[in-house]
Amino acid sequence: MTTTGGLVGRLAAPGAASSATAGAAAGLVGGAVFGVAMASLGTLRTVASIVRTDSATVGFVVHMAIAAIIGSGFGVLVFRQRGQASEMLFWGLLYGAFWWFLGALTLLPLLTAQPVAWDLSSAQALLPSLIGHLYYGATTALVFVALRRDRGTKLRPRPGSAVRGVFAGLIVAAALYLVIDRMAGVRSGWIFVGGAAAGLGYPVLFSDRREGAGPALIRGTAYGFLWWILAAVTVPPLLRGATLNWSQAAVMASMDRLPGYLLLGGGIGLVFTGLGGVSRWLFVDDVRRLEPDSPGSRGLHALGYGALAGLVGGSVFTVVMVLVGELPTVAHLVGAQGAGAGLVVHLLIAQIIGVSYAMLFRRRSFDVASGVGWGVCYGFFWWTLGDLSLLPLLAGATLQWNATGIAAAFPSLVGHLGYGAAVGVVYFWLEARTNPWWITRSEVEGLRATSNREQTLGSAPALWGLIVLIALTIPVFVV
Amino acid sequence: MGWGAFTGALIGLPVAALMGFQGMLAPRGRSELLAWVLFVVYAAGAGAVIGLVVAPRIRGLAVAACGGVVMGLLGWLFFWLTVDPVLHGRLPTWSVSAASEAYRNLVADLLHGGLVAVFLHELLLRWVYTSRSEPESPPAGRATRVVIVGGGFGGLAAAQRFERLALRGHGVDVTLISESNFLLFTPMLAEVASGALEPSHISAPIRAAVAFTRFRRGSVDEVSTTNQAVRLVEATGVEWIPYDHLILAVGSVPYFLDLPGVSEHAFTLKDLNDAVSLREHVIGLLERADHSDPDLMERRRLLTFVVAGGGFAGAEAIAEMFDLVQGVLRYFPGIAPDEPRFVLIHSRNSILPELPTELGSYALERLRARGIEFRLETRVVGATANDVELSDGRRIPTRSFVWTAGNRPGALIAGMGGEHAGNGALITDSSCRVAGLNGVWALGDCAQVPDVDNAGTSFPPTAQHALRQGKVVADNIVAVLAGRDPATFRFRALGLLVALGHRTAAADIRGHQFSGFVAWVLWRGIYLVKLPGLEKRIRVLVDWLLDLIFPRDIVLTARSVAPERPAAHAAEKAPQ
């Protein structure tokens, strides 16, 4: 961590300069991918209008120049981050999405003497650009990692991890198969193919580095979103008509598969990590590689804290539940009726999810920001799993995995995000109050604390940003 | 936070200008100026939150920008979807249509959040932190050093309190010195002596209980109040540990009143070794007595068990020894059921003087009814390897003599300056500060802390008092360091409970008296909850459940068939 230099100082540093150069080169590759898409979508002329021309060729040149400049900015921005594929991919996606807001919605209209495109209809019209920015960010990040191989990049997993990934993908696919079968009455074996492919891709991108189950769940959810962009939004139109179709209407039509991909990704992350833990527990002979803290020693405290945090989060969520009149629906889960019964069930569920948060994210927060980050992401995951999937299934209704159903569930999404933020903050406060794992005299504990901080310095902040961005971009997709 | 608000307002101005010029700032009939002011105020508030949440840990530009974006988006959820409708007299709906309507603010908040965090990051790094001369540099002076001597209830409670206080910014360098590396839960010690509980189950590791406190295993044999250091004796050598504040919580050691032969031949019941040795000794004697010994006097000695002292420790010791012997007698067919003899010697006319008279009488009757003999208003005046001599001139032949009739602070306390009470304890003021010794605090059995609410009295040396005194001393040291006056220690005892063996107990809880099975359930329930650590509670609970189902173990782990009292036990030792 630097304490003396600012942006200029970092740019002057030899490592930062090479990072900016690598970023510019990576940005060119990312720009080429985006440029091809723009050519297919016929939007290069819009870029050309910056230099007062309507030539697509000039537009491509301007686009590539901008891509290189923005790519060098990416290199500077992530100069201090760990340079592995798993980390950079999410930074790239977030960076791309941010530039959609800053570039496509704001600067480009201003440079062409147009009003900024901050309203929803303008944003929807520019939805192809958002997806293009995501591809740009992801490609730039991966090429950037490849150019900086000195940071220990490894994109080839061990055979055991690949098998574990495929196995995890098949397990989650089987669970989804049952749900989709019930929802649509259609038996589709393709989901197993998709599950196996996504399962195989997980260890390829994210290597064998050990991490907690909670972060793996969130990482997997973002990974599932990436798969949705690739397999549901991009590839099918190409297969059908050899042309891209990233229009709002097409994306809206693909929304019926978004919850499934989010659950698939989250499930793969969780199962993959869980299987790794089981295999370590069964087969690792070196006890130094095992978790030194037995679950019973401090874990039971954590569960109590999780229940309390869940109660606080549930109380926050109750405001939304009351105002949108959702409590009677929750009461149906236990065959009861009325808002009172719904409130009791709701708070019980909130506590159970709070306990699960404690199990998954114990010792993963070191300040309020990380507490909010993990909590909000977990709230989003539970919106997908709980509100969009389990609630209708348990209430005997049909799943509404489509744009209309997702739009109707938007108030619940807001509630889940608020719930998650409250759970994350309260749990962090409780854990820090009695169990300050980052203040320690023990060398072993210190190393573990450092490892956790490094994980946060890795891709965790990007994951938080990306998940929140996905959640709040939903109106663009579904209206 | 202030810098965050400043940066938030600064970045908010161009964003507001952009929105204003595009006609997005006052779409709901507000005046343009008011809308500008409101937006900048909102931007300053959002910046303050970003400063509060994101800025404290400067970890790179990307992390800062990302935190700003997240906070901006959450701010949009909170303000534009929730607060803004309320300000306009409508209930928030959080619907997609409401989100669509406020979407332009989402873009504004996202950009504002990200830019504020980036600017704030640079501002703090380049101007604020580098221009300050002190905050980022290491503290000019070292942290205040606190040394706690004693790992009992009081010492451990003080260390735990310091760990909590450290979280609130009261950083002190705490070193805990203890001869044993565990906290012994003394109320259950008699049950270890009777074999009902495993020794390690009533002891909690200090390192686990105070994981962030420096722990040194060893004894302190000298305190230099002039140089403010304690002399630590470890297996590897001797070391002086300096302190700014010293907390003495060394407890007490058995006091044999200089009676001839008592220190050499009596067992005590102060620590785990005592309890284990006593159990091994009793089982060993039963093994010897099981063989038909022609010497009847020797047989009487082997099967007579004597306890001196009718307080809590004495009553529990005799009751548990009775349970142990009677419980395992079936394995020793050579011993007749009426052969074992149990005697309790007490200087007063009733036992358990700490409890109300009714409960003392109840305990006396119940134990007598089981066949335990009581020699009341009688004192021990001496002991040999073969018998115990009483003040009435009689001698009780025994090889099992347990001394619980006197305790006092150990040699460390006796060798210190300051004022001492009649029993040798250090006299403190009402805040546990030792009179006349700068920076020295004392608590628990080794201190006499005056009870300001009952003039002329002092607090009794119980675990519940020591535990609370430990917390108060830690608070008081922090208060003194902050220039405040230390607080007076005040505490009203919650109650007293004594186990009398075989599902019987007596309890006085805030004036309410309980006896028999109900009191026994209370005793077990309360002490189970008080036992430190869930793991130990579960283990003790399992031990108790097994004790209900199976007979007690008679396995001897010592090499000697009938171990005599080890020489080391005769020496006074401080249970630190």
# chains A, B, ... in the order shown; residues from 1 in each chain; ligands from 1
$ residues_around --residues "Leu120 (chain B)" --least-positions-apart "3" --cutoff "8 Å" --atoms "only C-alpha atoms" --output "list in words"
Trp3, Gly4, Thr7, Gly51, Ala55, Val116, Ala117, Leu123 and Leu124 of chain B
$ residues_around --residues "Val210 (chain B)" --least-positions-apart "4" --cutoff "7 Å" --atoms "only C-alpha atoms" --output "PDB file with C-alpha atoms, in the first residue's frame"
ATOM      1  CA  ALA B 159      -7.292  -9.595  29.963  1.00  0.00           C
ATOM      2  CA  GLN B 160     -10.552 -10.241  28.125  1.00  0.00           C
ATOM      3  CA  ILE B 206      -5.847 -19.259  28.453  1.00  0.00           C
TER       4      ILE B 206
END
$ residues_around --residues "Glu326 (chain A)" --least-positions-apart "2" --cutoff "10 Å" --atoms "only C-alpha atoms" --output "PyMOL selection string"
chain A and resi 318+320-324+328-331+339+342-343+346+411-412
$ atom_distance --atom1 "CA of Gly456 (chain B)" --atom2 "CA of Arg468 (chain B)"
20.8 Å
$ residues_around --residues "region 48-54 of chain A" --least-positions-apart "4" --cutoff "12 Å" --atoms "only C-alpha atoms" --output "NGL selection string"
:A and (38 or 42-44 or 58-66 or 103-104 or 107-114)
$ residues_around --residues "region 76-89 of chain B" --least-positions-apart "3" --cutoff "8 Å" --atoms "only C-alpha atoms" --output "VMD selection string"
(chain A and resid 414) or (chain B and resid 72 to 73 92 to 94 98 to 99 102 105 to 106 109)
$ closest_residue --among "A:Pro237, A:Gly31, A:Pro115, A:Gly340" --to "Tyr135 (chain A)" --atoms "only C-alpha atoms"
A:Gly31
$ select_by_dssp --residues "region 193-362 of chain B" --states "helix (DSSP H, G or I)" --output "NGL selection string"
:B and (193 or 199-202 or 206-209 or 262-265 or 272-290 or 296-302 or 312-331 or 357-362)
$ residues_around --residues "Leu226 (chain A)" --least-positions-apart "3" --cutoff "12 Å" --atoms "only C-alpha atoms" --output "PyMOL selection string"
chain A and resi 89-90+92-94+131+134-135+137-138+198+201-202+219-223+229-234+258+261-262+264-266+466-467+470
$ write_last_selection --atoms "C-alpha atoms" --output "PDB file, in the first residue's frame"
ATOM      1  CA  LEU A  89     -11.947 -10.910 -15.288  1.00  0.00           C
ATOM      2  CA  PHE A  90     -14.355  -9.286 -12.837  1.00  0.00           C
ATOM      3  CA  GLY A  92     -12.573  -5.986 -16.498  1.00  0.00           C
ATOM      4  CA  LEU A  93     -16.316  -6.602 -16.544  1.00  0.00           C
ATOM      5  CA  LEU A  94     -16.937  -3.881 -13.989  1.00  0.00           C
ATOM      6  CA  ILE A 131     -22.979  -5.841 -23.744  1.00  0.00           C
ATOM      7  CA  LEU A 134     -18.776  -6.056 -21.057  1.00  0.00           C
ATOM      8  CA  TYR A 135     -17.047  -8.068 -23.795  1.00  0.00           C
ATOM      9  CA  GLY A 137     -13.794  -5.335 -20.401  1.00  0.00           C
ATOM     10  CA  ALA A 138     -13.560  -9.123 -20.144  1.00  0.00           C
ATOM     11  CA  ALA A 198     -19.716 -24.114 -17.143  1.00  0.00           C
ATOM     12  CA  GLY A 201     -14.767 -23.412 -17.267  1.00  0.00           C
ATOM     13  CA  TYR A 202     -14.880 -22.540 -13.590  1.00  0.00           C
ATOM     14  CA  ARG A 219     -17.990 -15.332  -7.708  1.00  0.00           C
ATOM     15  CA  GLY A 220     -20.006 -18.157  -9.213  1.00  0.00           C
ATOM     16  CA  THR A 221     -23.103 -15.950  -9.445  1.00  0.00           C
ATOM     17  CA  ALA A 222     -21.164 -13.347 -11.420  1.00  0.00           C
ATOM     18  CA  TYR A 223     -19.707 -16.193 -13.481  1.00  0.00           C
ATOM     19  CA  ILE A 229     -24.423 -13.061 -21.721  1.00  0.00           C
ATOM     20  CA  LEU A 230     -22.470 -15.600 -23.734  1.00  0.00           C
ATOM     21  CA  ALA A 231     -24.821 -18.559 -24.058  1.00  0.00           C
ATOM     22  CA  ALA A 232     -28.255 -16.951 -23.876  1.00  0.00           C
ATOM     23  CA  VAL A 233     -27.783 -13.455 -25.311  1.00  0.00           C
ATOM     24  CA  THR A 234     -24.930 -13.774 -27.807  1.00  0.00           C
ATOM     25  CA  LEU A 258     -31.070 -15.335 -16.397  1.00  0.00           C
ATOM     26  CA  TYR A 261     -27.668 -19.111 -15.168  1.00  0.00           C
ATOM     27  CA  LEU A 262     -27.194 -17.127 -11.961  1.00  0.00           C
ATOM     28  CA  LEU A 264     -26.004 -22.429 -12.065  1.00  0.00           C
ATOM     29  CA  GLY A 265     -22.950 -20.228 -11.577  1.00  0.00           C
ATOM     30  CA  GLY A 266     -23.512 -19.701  -7.860  1.00  0.00           C
ATOM     31  CA  LEU A 466     -20.579  -6.099 -10.538  1.00  0.00           C
ATOM     32  CA  ILE A 467     -23.361  -7.828  -8.622  1.00  0.00           C
ATOM     33  CA  ILE A 470     -26.363  -6.382 -12.427  1.00  0.00           C
TER      34      ILE A 470
END
$ atom_distance --atom1 "CA of Ala20 (chain A)" --atom2 "CA of Gly73 (chain A)"
6.5 Å
$ residues_around --residues "region 44-49 of chain B" --least-positions-apart "6" --cutoff "7 Å" --atoms "only C-alpha atoms" --output "short mmCIF file (atom, residue, chain, number, x, y, z; two decimals) with C-alpha atoms, in the first residue's frame"
data_model
loop_
_atom_site.label_atom_id
_atom_site.label_comp_id
_atom_site.auth_asym_id
_atom_site.auth_seq_id
_atom_site.Cartn_x
_atom_site.Cartn_y
_atom_site.Cartn_z
CA MET B 1 -15.91 12.01 6.77
CA GLY B 2 -15.38 15.76 6.46
CA GLY B 4 -15.68 12.93 2.03
CA ALA B 5 -18.44 15.54 2.35
CA PHE B 6 -16.17 18.15 0.79
CA THR B 7 -15.25 15.89 -2.12
CA GLY B 8 -18.87 14.80 -2.50
CA ALA B 9 -20.04 18.40 -2.81
CA GLY B 75 -27.44 5.57 -2.07
CA VAL B 116 -15.85 10.88 -5.45
#
$ select_by_dssp --residues "region 28-178 of chain B" --states "strand (DSSP E or B)" --output "list in words"
Thr144, Arg145, Val146, Val147, Ile148, Val149, Val172, Asp173, Val174, Thr175, Leu176, Ile177 and Ser178 of chain B
$ write_last_selection --atoms "C-alpha atoms" --output "mmCIF file, in the first residue's frame"
data_model
loop_
_atom_site.group_PDB
_atom_site.id
_atom_site.type_symbol
_atom_site.label_atom_id
_atom_site.label_comp_id
_atom_site.auth_asym_id
_atom_site.auth_seq_id
_atom_site.Cartn_x
_atom_site.Cartn_y
_atom_site.Cartn_z
ATOM 1 C CA THR B 144 1.164 1.439 27.793
ATOM 2 C CA ARG B 145 2.337 -1.884 29.209
ATOM 3 C CA VAL B 146 0.013 -3.757 31.470
ATOM 4 C CA VAL B 147 1.166 -6.933 33.198
ATOM 5 C CA ILE B 148 -1.410 -9.234 34.738
ATOM 6 C CA VAL B 149 -0.067 -11.793 37.178
ATOM 7 C CA VAL B 172 -2.551 -1.248 25.621
ATOM 8 C CA ASP B 173 0.176 -3.863 25.498
ATOM 9 C CA VAL B 174 -1.091 -6.601 27.788
ATOM 10 C CA THR B 175 0.986 -9.502 29.079
ATOM 11 C CA LEU B 176 -0.662 -12.203 31.133
ATOM 12 C CA ILE B 177 1.596 -14.346 33.310
ATOM 13 C CA SER B 178 0.316 -17.548 34.803
#
$ closest_residue --among "B:Val96, B:Gly169, B:Val69, B:Arg90" --to "Val479 (chain A)" --atoms "only C-alpha atoms"
B:Val96
$ atom_distance --atom1 "CA of Leu102 (chain A)" --atom2 "CA of Ile50 (chain B)"
19.5 Å
$ closest_residue --among "B:Gly60, B:Gly525, B:Gly371, B:Gly501" --to "Glu191 (chain B)" --atoms "only C-alpha atoms"
B:Gly501
$ closest_residue --among "B:Arg207, B:Val480, B:Leu61, B:Val223" --to "Gly75 (chain A)" --atoms "only C-alpha atoms"
B:Leu61
